[in-house]
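Pasting coords_26.cif here (mmCIF, N, CA and C atoms and all ligand atoms):
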data_data
#
loop_
_atom_site.label_atom_id
_atom_site.label_comp_id
_atom_site.auth_asym_id
_atom_site.auth_seq_id
_atom_site.Cartn_x
_atom_site.Cartn_y
_atom_site.Cartn_z
N MET J 1 241.87 28.18 204.76
CA MET J 1 241.86 26.86 205.43
C MET J 1 241.71 25.77 204.39
N LYS J 2 242.57 24.77 204.48
CA LYS J 2 242.47 23.65 203.54
C LYS J 2 241.52 22.58 204.12
N VAL J 3 240.61 22.13 203.27
CA VAL J 3 239.67 21.09 203.68
C VAL J 3 239.78 19.93 202.70
N MET J 4 240.11 18.76 203.22
CA MET J 4 240.13 17.55 202.38
C MET J 4 238.76 16.89 202.47
N VAL J 5 238.13 16.71 201.32
CA VAL J 5 236.80 16.08 201.25
C VAL J 5 237.02 14.67 200.74
N LEU J 6 236.98 13.70 201.65
CA LEU J 6 237.42 12.34 201.34
C LEU J 6 236.22 11.38 201.31
N SER J 7 236.07 10.69 200.20
CA SER J 7 234.97 9.75 200.03
C SER J 7 235.54 8.35 199.80
N GLY J 8 234.97 7.38 200.52
CA GLY J 8 235.52 6.02 200.48
C GLY J 8 234.86 5.12 199.46
N ALA J 9 234.91 3.85 199.79
CA ALA J 9 234.57 2.77 198.85
C ALA J 9 233.20 2.95 198.22
N ASN J 10 233.16 2.76 196.92
CA ASN J 10 231.95 2.75 196.09
C ASN J 10 231.33 4.13 195.83
N LEU J 11 231.89 5.16 196.44
CA LEU J 11 231.27 6.48 196.25
C LEU J 11 231.60 7.10 194.90
N GLY J 12 232.58 6.54 194.22
CA GLY J 12 232.84 6.98 192.84
C GLY J 12 231.75 6.50 191.89
N ARG J 13 230.87 5.62 192.38
CA ARG J 13 229.79 5.03 191.57
C ARG J 13 228.47 5.78 191.75
N LEU J 14 228.53 6.94 192.39
CA LEU J 14 227.27 7.71 192.57
C LEU J 14 226.63 7.96 191.21
N GLY J 15 225.31 7.88 191.17
CA GLY J 15 224.58 8.07 189.92
C GLY J 15 224.28 6.73 189.26
N LEU J 16 225.21 5.78 189.41
CA LEU J 16 225.01 4.44 188.84
C LEU J 16 224.57 3.47 189.93
N ARG J 17 225.05 3.73 191.14
CA ARG J 17 224.87 2.83 192.27
C ARG J 17 223.55 3.12 192.98
N GLU J 18 222.65 2.12 193.07
CA GLU J 18 221.41 2.24 193.85
C GLU J 18 220.85 3.67 193.85
N PRO J 19 220.40 4.17 192.67
CA PRO J 19 219.93 5.56 192.62
C PRO J 19 218.77 5.86 193.58
N ALA J 20 217.98 4.83 193.92
CA ALA J 20 216.87 5.08 194.84
C ALA J 20 217.40 5.45 196.23
N VAL J 21 218.61 5.01 196.54
CA VAL J 21 219.20 5.31 197.85
C VAL J 21 220.11 6.53 197.77
N TYR J 22 220.93 6.57 196.71
CA TYR J 22 222.00 7.59 196.65
C TYR J 22 221.73 8.71 195.64
N GLY J 23 220.61 8.62 194.90
CA GLY J 23 220.28 9.67 193.95
C GLY J 23 220.91 9.44 192.59
N SER J 24 220.59 10.33 191.64
CA SER J 24 221.01 10.12 190.25
C SER J 24 222.21 10.99 189.87
N ARG J 25 222.65 11.85 190.78
CA ARG J 25 223.80 12.69 190.46
C ARG J 25 225.11 11.94 190.70
N SER J 26 226.11 12.30 189.92
CA SER J 26 227.37 11.56 189.92
C SER J 26 228.34 12.09 190.98
N TYR J 27 229.45 11.37 191.16
CA TYR J 27 230.50 11.84 192.06
C TYR J 27 231.06 13.17 191.54
N GLY J 28 231.17 13.29 190.22
CA GLY J 28 231.64 14.56 189.63
C GLY J 28 230.73 15.72 190.00
N ASP J 29 229.42 15.44 190.01
CA ASP J 29 228.46 16.49 190.42
C ASP J 29 228.69 16.88 191.89
N LEU J 30 228.99 15.88 192.71
CA LEU J 30 229.23 16.15 194.13
C LEU J 30 230.47 17.03 194.29
N VAL J 31 231.52 16.70 193.56
CA VAL J 31 232.75 17.50 193.63
C VAL J 31 232.47 18.93 193.19
N ALA J 32 231.70 19.08 192.10
CA ALA J 32 231.39 20.43 191.59
C ALA J 32 230.62 21.22 192.65
N ALA J 33 229.67 20.57 193.31
CA ALA J 33 228.87 21.27 194.34
C ALA J 33 229.76 21.68 195.51
N CYS J 34 230.68 20.80 195.91
CA CYS J 34 231.57 21.12 197.04
C CYS J 34 232.50 22.28 196.65
N ARG J 35 233.01 22.24 195.41
CA ARG J 35 233.93 23.32 194.99
C ARG J 35 233.22 24.66 194.93
N GLU J 36 231.99 24.63 194.42
CA GLU J 36 231.23 25.89 194.29
C GLU J 36 231.00 26.52 195.67
N LEU J 37 230.56 25.68 196.62
CA LEU J 37 230.30 26.23 197.96
C LEU J 37 231.61 26.66 198.63
N ALA J 38 232.66 25.90 198.43
CA ALA J 38 233.95 26.24 199.06
C ALA J 38 234.41 27.62 198.60
N THR J 39 234.23 27.91 197.32
CA THR J 39 234.62 29.22 196.80
C THR J 39 233.85 30.31 197.53
N GLU J 40 232.54 30.06 197.68
CA GLU J 40 231.68 31.03 198.37
C GLU J 40 232.13 31.24 199.83
N LEU J 41 232.57 30.14 200.46
CA LEU J 41 232.93 30.19 201.88
C LEU J 41 234.38 30.59 202.11
N GLY J 42 235.15 30.68 201.03
CA GLY J 42 236.56 31.02 201.18
C GLY J 42 237.40 29.86 201.69
N LEU J 43 236.97 28.64 201.41
CA LEU J 43 237.75 27.46 201.81
C LEU J 43 238.45 26.90 200.58
N GLU J 44 239.59 26.26 200.82
CA GLU J 44 240.30 25.59 199.72
C GLU J 44 239.99 24.10 199.85
N VAL J 45 239.23 23.54 198.89
CA VAL J 45 238.87 22.12 199.02
C VAL J 45 239.68 21.25 198.08
N ASP J 46 239.94 20.06 198.57
CA ASP J 46 240.66 19.04 197.81
C ASP J 46 239.80 17.78 197.92
N CYS J 47 239.08 17.46 196.83
CA CYS J 47 238.12 16.35 196.86
C CYS J 47 238.76 15.08 196.29
N ARG J 48 238.69 14.01 197.04
CA ARG J 48 239.30 12.75 196.60
C ARG J 48 238.37 11.57 196.93
N GLN J 49 238.45 10.54 196.09
CA GLN J 49 237.67 9.31 196.34
C GLN J 49 238.57 8.11 196.09
N THR J 50 238.45 7.10 196.94
CA THR J 50 239.19 5.87 196.70
C THR J 50 238.39 4.65 197.15
N ASP J 51 238.65 3.54 196.47
CA ASP J 51 238.08 2.25 196.88
C ASP J 51 239.11 1.45 197.68
N ASP J 52 240.28 2.05 197.93
CA ASP J 52 241.38 1.34 198.57
C ASP J 52 241.59 1.87 199.99
N GLU J 53 241.42 1.02 200.97
CA GLU J 53 241.47 1.47 202.37
C GLU J 53 242.85 2.04 202.73
N ALA J 54 243.91 1.43 202.21
CA ALA J 54 245.27 1.91 202.53
C ALA J 54 245.47 3.34 202.02
N THR J 55 244.92 3.61 200.84
CA THR J 55 245.02 4.97 200.29
C THR J 55 244.29 5.95 201.19
N MET J 56 243.10 5.57 201.65
CA MET J 56 242.35 6.46 202.55
C MET J 56 243.12 6.71 203.84
N LEU J 57 243.78 5.67 204.37
CA LEU J 57 244.59 5.85 205.59
C LEU J 57 245.70 6.86 205.33
N ARG J 58 246.35 6.74 204.18
CA ARG J 58 247.44 7.69 203.85
C ARG J 58 246.92 9.12 203.75
N TRP J 59 245.75 9.29 203.15
CA TRP J 59 245.17 10.64 203.01
C TRP J 59 244.86 11.23 204.39
N LEU J 60 244.37 10.38 205.30
CA LEU J 60 244.08 10.89 206.66
C LEU J 60 245.38 11.26 207.38
N HIS J 61 246.44 10.47 207.16
CA HIS J 61 247.74 10.83 207.75
C HIS J 61 248.21 12.17 207.19
N GLU J 62 248.00 12.34 205.88
CA GLU J 62 248.39 13.61 205.23
C GLU J 62 247.61 14.77 205.86
N ALA J 63 246.30 14.58 206.05
CA ALA J 63 245.47 15.64 206.65
C ALA J 63 246.00 15.98 208.04
N ALA J 64 246.38 14.95 208.80
CA ALA J 64 246.93 15.19 210.15
C ALA J 64 248.24 15.96 210.03
N ASP J 65 249.09 15.60 209.08
CA ASP J 65 250.42 16.24 208.96
C ASP J 65 250.33 17.69 208.51
N VAL J 66 249.37 18.01 207.64
CA VAL J 66 249.29 19.40 207.14
C VAL J 66 248.24 20.22 207.90
N ASP J 67 247.62 19.58 208.91
CA ASP J 67 246.63 20.26 209.74
C ASP J 67 245.40 20.69 208.93
N ALA J 68 244.98 19.87 208.00
CA ALA J 68 243.79 20.18 207.20
C ALA J 68 242.54 19.75 207.96
N ALA J 69 241.43 20.43 207.67
CA ALA J 69 240.13 19.94 208.12
C ALA J 69 239.70 18.84 207.15
N VAL J 70 238.80 17.97 207.62
CA VAL J 70 238.38 16.84 206.77
C VAL J 70 236.87 16.68 206.81
N VAL J 71 236.29 16.52 205.64
CA VAL J 71 234.92 16.01 205.51
C VAL J 71 235.10 14.57 205.05
N LEU J 72 234.65 13.62 205.85
CA LEU J 72 234.92 12.21 205.55
C LEU J 72 233.63 11.42 205.40
N ASN J 73 233.45 10.83 204.20
CA ASN J 73 232.42 9.81 204.04
C ASN J 73 233.15 8.49 203.91
N PRO J 74 233.20 7.71 205.00
CA PRO J 74 233.99 6.49 204.96
C PRO J 74 233.29 5.33 204.23
N GLY J 75 232.04 5.56 203.74
CA GLY J 75 231.30 4.47 203.10
C GLY J 75 231.18 3.30 204.06
N ALA J 76 231.27 2.08 203.55
CA ALA J 76 231.07 0.89 204.40
C ALA J 76 232.15 0.77 205.47
N TRP J 77 233.32 1.38 205.26
CA TRP J 77 234.38 1.31 206.30
C TRP J 77 233.90 1.91 207.61
N SER J 78 232.91 2.82 207.53
CA SER J 78 232.36 3.44 208.76
C SER J 78 231.98 2.40 209.79
N HIS J 79 231.50 1.27 209.29
CA HIS J 79 230.84 0.33 210.18
C HIS J 79 231.79 -0.69 210.83
N TYR J 80 233.04 -0.73 210.35
CA TYR J 80 233.93 -1.76 210.92
C TYR J 80 235.42 -1.45 210.91
N SER J 81 235.86 -0.36 210.29
CA SER J 81 237.31 -0.19 210.14
C SER J 81 237.94 0.56 211.32
N TYR J 82 238.52 -0.22 212.24
CA TYR J 82 239.23 0.41 213.37
C TYR J 82 240.50 1.10 212.89
N ALA J 83 241.06 0.62 211.78
CA ALA J 83 242.26 1.28 211.23
C ALA J 83 241.91 2.70 210.78
N LEU J 84 240.75 2.83 210.13
CA LEU J 84 240.31 4.16 209.68
C LEU J 84 240.01 5.06 210.89
N ARG J 85 239.42 4.48 211.89
CA ARG J 85 239.15 5.26 213.12
C ARG J 85 240.45 5.75 213.74
N ASP J 86 241.44 4.88 213.81
CA ASP J 86 242.72 5.28 214.41
C ASP J 86 243.37 6.39 213.59
N ALA J 87 243.21 6.34 212.27
CA ALA J 87 243.76 7.40 211.41
C ALA J 87 242.95 8.69 211.60
N ALA J 88 241.63 8.56 211.67
CA ALA J 88 240.76 9.74 211.84
C ALA J 88 241.05 10.44 213.18
N THR J 89 241.40 9.66 214.19
CA THR J 89 241.72 10.21 215.52
C THR J 89 242.88 11.20 215.45
N GLN J 90 243.79 10.97 214.50
CA GLN J 90 244.99 11.82 214.41
C GLN J 90 244.70 13.18 213.78
N VAL J 91 243.55 13.29 213.10
CA VAL J 91 243.21 14.55 212.42
C VAL J 91 242.68 15.54 213.46
N GLN J 92 243.33 16.68 213.54
CA GLN J 92 242.91 17.68 214.53
C GLN J 92 242.09 18.79 213.89
N GLY J 93 241.95 18.72 212.60
CA GLY J 93 241.53 19.72 211.66
C GLY J 93 240.38 20.67 211.73
N PRO J 94 239.18 20.41 212.10
CA PRO J 94 238.45 19.24 212.61
C PRO J 94 238.01 18.26 211.51
N LEU J 95 237.43 17.15 211.92
CA LEU J 95 236.92 16.13 210.99
C LEU J 95 235.41 15.95 211.20
N VAL J 96 234.67 16.11 210.11
CA VAL J 96 233.21 15.90 210.15
C VAL J 96 232.88 14.66 209.32
N GLU J 97 232.16 13.73 209.92
CA GLU J 97 231.75 12.51 209.21
C GLU J 97 230.43 12.78 208.49
N VAL J 98 230.32 12.33 207.26
CA VAL J 98 229.07 12.52 206.52
C VAL J 98 228.62 11.21 205.86
N HIS J 99 227.31 11.11 205.70
CA HIS J 99 226.70 10.02 204.93
C HIS J 99 225.60 10.62 204.07
N LEU J 100 225.52 10.16 202.84
CA LEU J 100 224.47 10.62 201.94
C LEU J 100 223.11 10.07 202.36
N SER J 101 223.09 8.78 202.66
CA SER J 101 221.82 8.11 202.98
C SER J 101 221.57 8.17 204.49
N GLN J 102 220.33 7.94 204.86
CA GLN J 102 219.98 7.90 206.29
C GLN J 102 220.31 6.49 206.79
N THR J 103 221.52 6.34 207.27
CA THR J 103 222.00 5.01 207.64
C THR J 103 221.14 4.37 208.75
N HIS J 104 220.55 5.21 209.59
CA HIS J 104 219.76 4.67 210.71
C HIS J 104 218.42 4.09 210.25
N ALA J 105 218.02 4.39 209.04
CA ALA J 105 216.77 3.83 208.51
C ALA J 105 217.05 2.63 207.60
N ARG J 106 218.30 2.21 207.57
CA ARG J 106 218.67 1.10 206.67
C ARG J 106 219.01 -0.16 207.49
N GLU J 107 219.79 -1.07 206.91
CA GLU J 107 220.10 -2.33 207.59
C GLU J 107 220.78 -2.06 208.94
N ALA J 108 220.60 -2.99 209.90
CA ALA J 108 221.12 -2.80 211.26
C ALA J 108 222.63 -2.57 211.25
N PHE J 109 223.36 -3.24 210.33
CA PHE J 109 224.82 -3.10 210.37
C PHE J 109 225.27 -1.67 210.05
N ARG J 110 224.36 -0.87 209.45
CA ARG J 110 224.72 0.52 209.12
C ARG J 110 224.41 1.49 210.27
N HIS J 111 223.79 0.99 211.33
CA HIS J 111 223.36 1.90 212.40
C HIS J 111 224.51 2.38 213.27
N HIS J 112 225.61 1.61 213.26
CA HIS J 112 226.75 2.01 214.09
C HIS J 112 227.93 2.40 213.22
N SER J 113 228.56 3.52 213.57
CA SER J 113 229.79 3.93 212.90
C SER J 113 230.91 3.96 213.93
N VAL J 114 232.03 3.32 213.59
CA VAL J 114 233.18 3.35 214.51
C VAL J 114 233.93 4.67 214.40
N ILE J 115 233.55 5.49 213.42
CA ILE J 115 234.22 6.78 213.20
C ILE J 115 233.57 7.91 214.04
N SER J 116 232.26 7.81 214.26
CA SER J 116 231.51 8.94 214.85
C SER J 116 232.13 9.47 216.14
N ALA J 117 232.62 8.58 216.98
CA ALA J 117 233.15 9.01 218.29
C ALA J 117 234.39 9.87 218.16
N VAL J 118 235.07 9.82 217.01
CA VAL J 118 236.28 10.64 216.86
C VAL J 118 236.06 11.79 215.87
N ALA J 119 234.81 11.97 215.44
CA ALA J 119 234.47 13.11 214.58
C ALA J 119 233.89 14.22 215.46
N VAL J 120 234.05 15.48 215.04
CA VAL J 120 233.41 16.56 215.84
C VAL J 120 231.91 16.54 215.63
N GLY J 121 231.46 16.00 214.50
CA GLY J 121 230.03 15.89 214.24
C GLY J 121 229.79 14.91 213.10
N THR J 122 228.54 14.46 213.01
CA THR J 122 228.16 13.52 211.95
C THR J 122 226.89 14.04 211.30
N ILE J 123 226.86 14.06 209.98
CA ILE J 123 225.67 14.54 209.24
C ILE J 123 225.26 13.40 208.32
N THR J 124 224.03 12.94 208.51
CA THR J 124 223.58 11.70 207.89
C THR J 124 222.24 11.88 207.20
N GLY J 125 222.14 11.43 205.96
CA GLY J 125 220.82 11.29 205.34
C GLY J 125 220.37 12.45 204.49
N LEU J 126 221.22 13.44 204.27
CA LEU J 126 220.77 14.64 203.56
C LEU J 126 221.32 14.73 202.14
N GLY J 127 221.78 13.61 201.61
CA GLY J 127 222.30 13.62 200.24
C GLY J 127 223.51 14.55 200.14
N PHE J 128 223.61 15.27 199.00
CA PHE J 128 224.75 16.18 198.82
C PHE J 128 224.81 17.20 199.96
N ASP J 129 223.64 17.56 200.51
CA ASP J 129 223.63 18.57 201.59
C ASP J 129 224.42 18.09 202.81
N SER J 130 224.57 16.77 202.99
CA SER J 130 225.40 16.31 204.12
C SER J 130 226.81 16.86 203.97
N TYR J 131 227.35 16.79 202.77
CA TYR J 131 228.70 17.31 202.52
C TYR J 131 228.71 18.84 202.63
N LEU J 132 227.69 19.48 202.05
CA LEU J 132 227.69 20.95 201.99
C LEU J 132 227.52 21.55 203.39
N LEU J 133 226.69 20.92 204.20
CA LEU J 133 226.52 21.40 205.58
C LEU J 133 227.79 21.19 206.39
N ALA J 134 228.50 20.10 206.09
CA ALA J 134 229.78 19.86 206.79
C ALA J 134 230.77 20.96 206.43
N LEU J 135 230.80 21.37 205.16
CA LEU J 135 231.70 22.47 204.77
C LEU J 135 231.31 23.76 205.50
N ARG J 136 230.01 24.00 205.60
CA ARG J 136 229.56 25.21 206.30
C ARG J 136 229.96 25.16 207.78
N ALA J 137 229.84 23.98 208.38
CA ALA J 137 230.21 23.84 209.81
C ALA J 137 231.70 24.09 209.99
N ILE J 138 232.50 23.58 209.07
CA ILE J 138 233.95 23.79 209.17
C ILE J 138 234.27 25.27 209.00
N ALA J 139 233.64 25.92 208.03
CA ALA J 139 233.88 27.36 207.81
C ALA J 139 233.52 28.14 209.06
N ALA J 140 232.42 27.78 209.70
CA ALA J 140 231.99 28.50 210.92
C ALA J 140 233.00 28.30 212.04
N ARG J 141 233.51 27.09 212.19
CA ARG J 141 234.50 26.83 213.26
C ARG J 141 235.79 27.59 213.00
N VAL J 142 236.19 27.66 211.73
CA VAL J 142 237.42 28.37 211.39
C VAL J 142 237.25 29.85 211.73
N ARG J 143 236.08 30.40 211.39
CA ARG J 143 235.83 31.82 211.67
C ARG J 143 235.85 32.08 213.18
N LEU J 144 235.25 31.16 213.96
CA LEU J 144 235.22 31.32 215.42
C LEU J 144 236.62 31.28 216.02
N ALA J 145 237.47 30.43 215.39
CA ALA J 145 238.83 30.26 215.93
C ALA J 145 239.75 31.40 215.53
N ALA J 146 239.33 32.20 214.51
CA ALA J 146 240.20 33.27 214.03
C ALA J 146 240.37 34.36 215.09
N PRO J 147 241.57 34.94 215.20
CA PRO J 147 241.81 35.96 216.24
C PRO J 147 241.02 37.24 215.96
C1 LIG J 201 227.23 5.66 203.01
C2 LIG J 201 226.46 4.68 203.90
C3 LIG J 201 227.23 3.39 204.10
O1 LIG J 201 226.48 2.49 204.90
C4 LIG J 201 227.48 2.74 202.75
O2 LIG J 201 228.26 1.58 202.92
C5 LIG J 201 228.08 3.66 201.76
C6 LIG J 201 227.62 5.03 201.70
C7 LIG J 201 226.40 6.92 202.68
O3 LIG J 201 226.99 7.89 202.22
O4 LIG J 201 225.18 6.90 202.83
O5 LIG J 201 228.89 3.25 200.94
O6 LIG J 201 228.40 6.08 203.70
#

Produce structure tokens that represent the structure in this file.
Ligand code: DQA
Amino acid sequence: MKVMVLSGANLGRLGLREPAVYGSRSYGDLVAACRELATELGLEVDCRQTDDEATMLRWLHEAADVDAAVVLNPGAWSHYSYALRDAATQVQGPLVEVHLSQTHAREAFRHHSVISAVAVGTITGLGFDSYLLALRAIAARVRLAAP
């Protein structure tokens, strides 16, 4: 099963960006952790990050076209991008929304995600484990769906 692990705006700055909120490990460390677990779970992961919303829309269209599962951290787009939501709706893969930080304990504008309603699940506040648990959830669903 192919899983696209898509991270949005500013997530390439992990390790440098607000370490008290996002931790001291880098985006490269996150990719390494996802790849290691994917190998263990027998998933094929493709990890990508962009600060460009149009690029993220294209990647979601690609996921829909190739029937990939998606782990999506939309970053700040979570809170207002209806375009991203419309693209996420097309993914049948399934799509799991993740956040590193506990968005519900932060500023009010972070408490609502326009993506959550079209994700099969949302994992928030567990740092790298948010991504890793999403991969485990996808692996479990794939196994359940297998004949
Ligand atoms: C985030 C939370 C968002 O509110 C924020 O804009 C981000 C990262 C997270 O992973 O905690 O960029 O999605």

Contacts of ligand LIG 201 (chain J), 8 Å or closer, only N, CA and C atoms and all ligand atoms, given as JSON, numbers by chain: {"J": [8, 9, 10, 11, 21, 22, 72, 73, 74, 75, 76, 77, 78, 79, 98, 99, 100, 101, 102, 103, 107, 109, 110, 111, 124, 125, 126, 127]}

Fewer than 2 positions away in the same chain doesn't count, so skip those; otherwise give me all residues within 12 Å of range 23-32 of chain J, counting only C-alpha atoms, as a VMD selection string. chain J and resid 4 to 8 10 to 21 34 to 39 45 to 50 100 to 101 125 to 132

Neighbours of Glu62 in chain J within 8 Å (all atoms listed in the file; same-chain residues fewer than 6 positions away dropped), as a list of chain:residue names?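 My reading of the contact set: J:Met56, J:Ala68, J:Val91.
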
Got a sec to tell me which of range 17-109 of chain J DSSP assigns to alpha helix (DSSP H), as an MDAnalysis selection string? chainID J and resid 19:22 27:41 53:66 82:89

Figure out the distance between CA of Val70 in chain J and atom C of Ala54 in chain J, please, to one decimal in Å.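 Pair atom C of Ala54 in chain J / CA of Val70 in chain J returns 16.0 Å.
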
Residue among J:Leu60, J:Ile115, J:Leu43, J:Lys2 lying closest to Ser81 in chain J, counting only C-alpha atoms: J:Ile115

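Every residue of range 17-135 of chain J found in strand (DSSP E or B) when DSSP is run on the backbone appears here: Glu44, Val45, Asp46, Cys47, Arg48, Gln49, Ala69, Val70, Val71, Leu72, Asn73, Leu95, Val96, Glu97, Val98, His99, Gly121, Thr122, Ile123 and Thr124 of chain J.
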
What does the structure give for the distance between atom C of Tyr80 in chain J and atom C of Gly93 in chain J, in Å to one decimal? 22.7 Å

Spatial neighbours of Ala69 in chain J, 6 Å, only C-alpha atoms, chain gap at least 3 places, as a PDB file with N, CA and C atoms, keeping the file's coordinate frame:
ATOM      1  N   VAL J   3     240.610  22.130 203.270  1.00  0.00           N
ATOM      2  CA  VAL J   3     239.670  21.090 203.680  1.00  0.00           C
ATOM      3  C   VAL J   3     239.780  19.930 202.700  1.00  0.00           C
ATOM      4  N   GLY J  93     241.950  18.720 212.600  1.00  0.00           N
ATOM      5  CA  GLY J  93     241.530  19.720 211.660  1.00  0.00           C
ATOM      6  C   GLY J  93     240.380  20.670 211.730  1.00  0.00           C
ATOM      7  N   PRO J  94     239.180  20.410 212.100  1.00  0.00           N
ATOM      8  CA  PRO J  94     238.450  19.240 212.610  1.00  0.00           C
ATOM      9  C   PRO J  94     238.010  18.260 211.510  1.00  0.00           C
ATOM     10  N   LEU J  95     237.430  17.150 211.920  1.00  0.00           N
ATOM     11  CA  LEU J  95     236.920  16.130 210.990  1.00  0.00           C
ATOM     12  C   LEU J  95     235.410  15.950 211.200  1.00  0.00           C
TER      13      LEU J  95
END

Would you compute the box with edges along x, y and z of the file around range 120-138 of chain J, including every atom the file lists for it and 8 Å extra on each side, and give its centre and edge lengths in Å to one decimal, as AutoDock Vina command-line options?
--center_x 227.3 --center_y 18.3 --center_z 207.3 --size_x 29.9 --size_y 30.0 --size_z 33.0

What gap, in Å, lies between atom C of Asp67 in chain J and atom C of Tyr82 in chain J?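 Separation of atom C of Asp67 in chain J and atom C of Tyr82 in chain J: 20.6 Å.
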
Taking into account only C-alpha atoms, which residue in the set J:Ala88, J:Leu135, J:Thr55, J:His61 is nearest to Ala33 in chain J? J:Leu135

Can you work out which one of J:Ala64, J:Ala83, J:Ile138, J:Leu57 has the shortest atom-to-atom distance to Val96 in chain J, counting only C-alpha atoms?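 Ranking J:Ala64, J:Ala83, J:Ile138, J:Leu57 by distance to Val96 in chain J, first place goes to J:Ile138.
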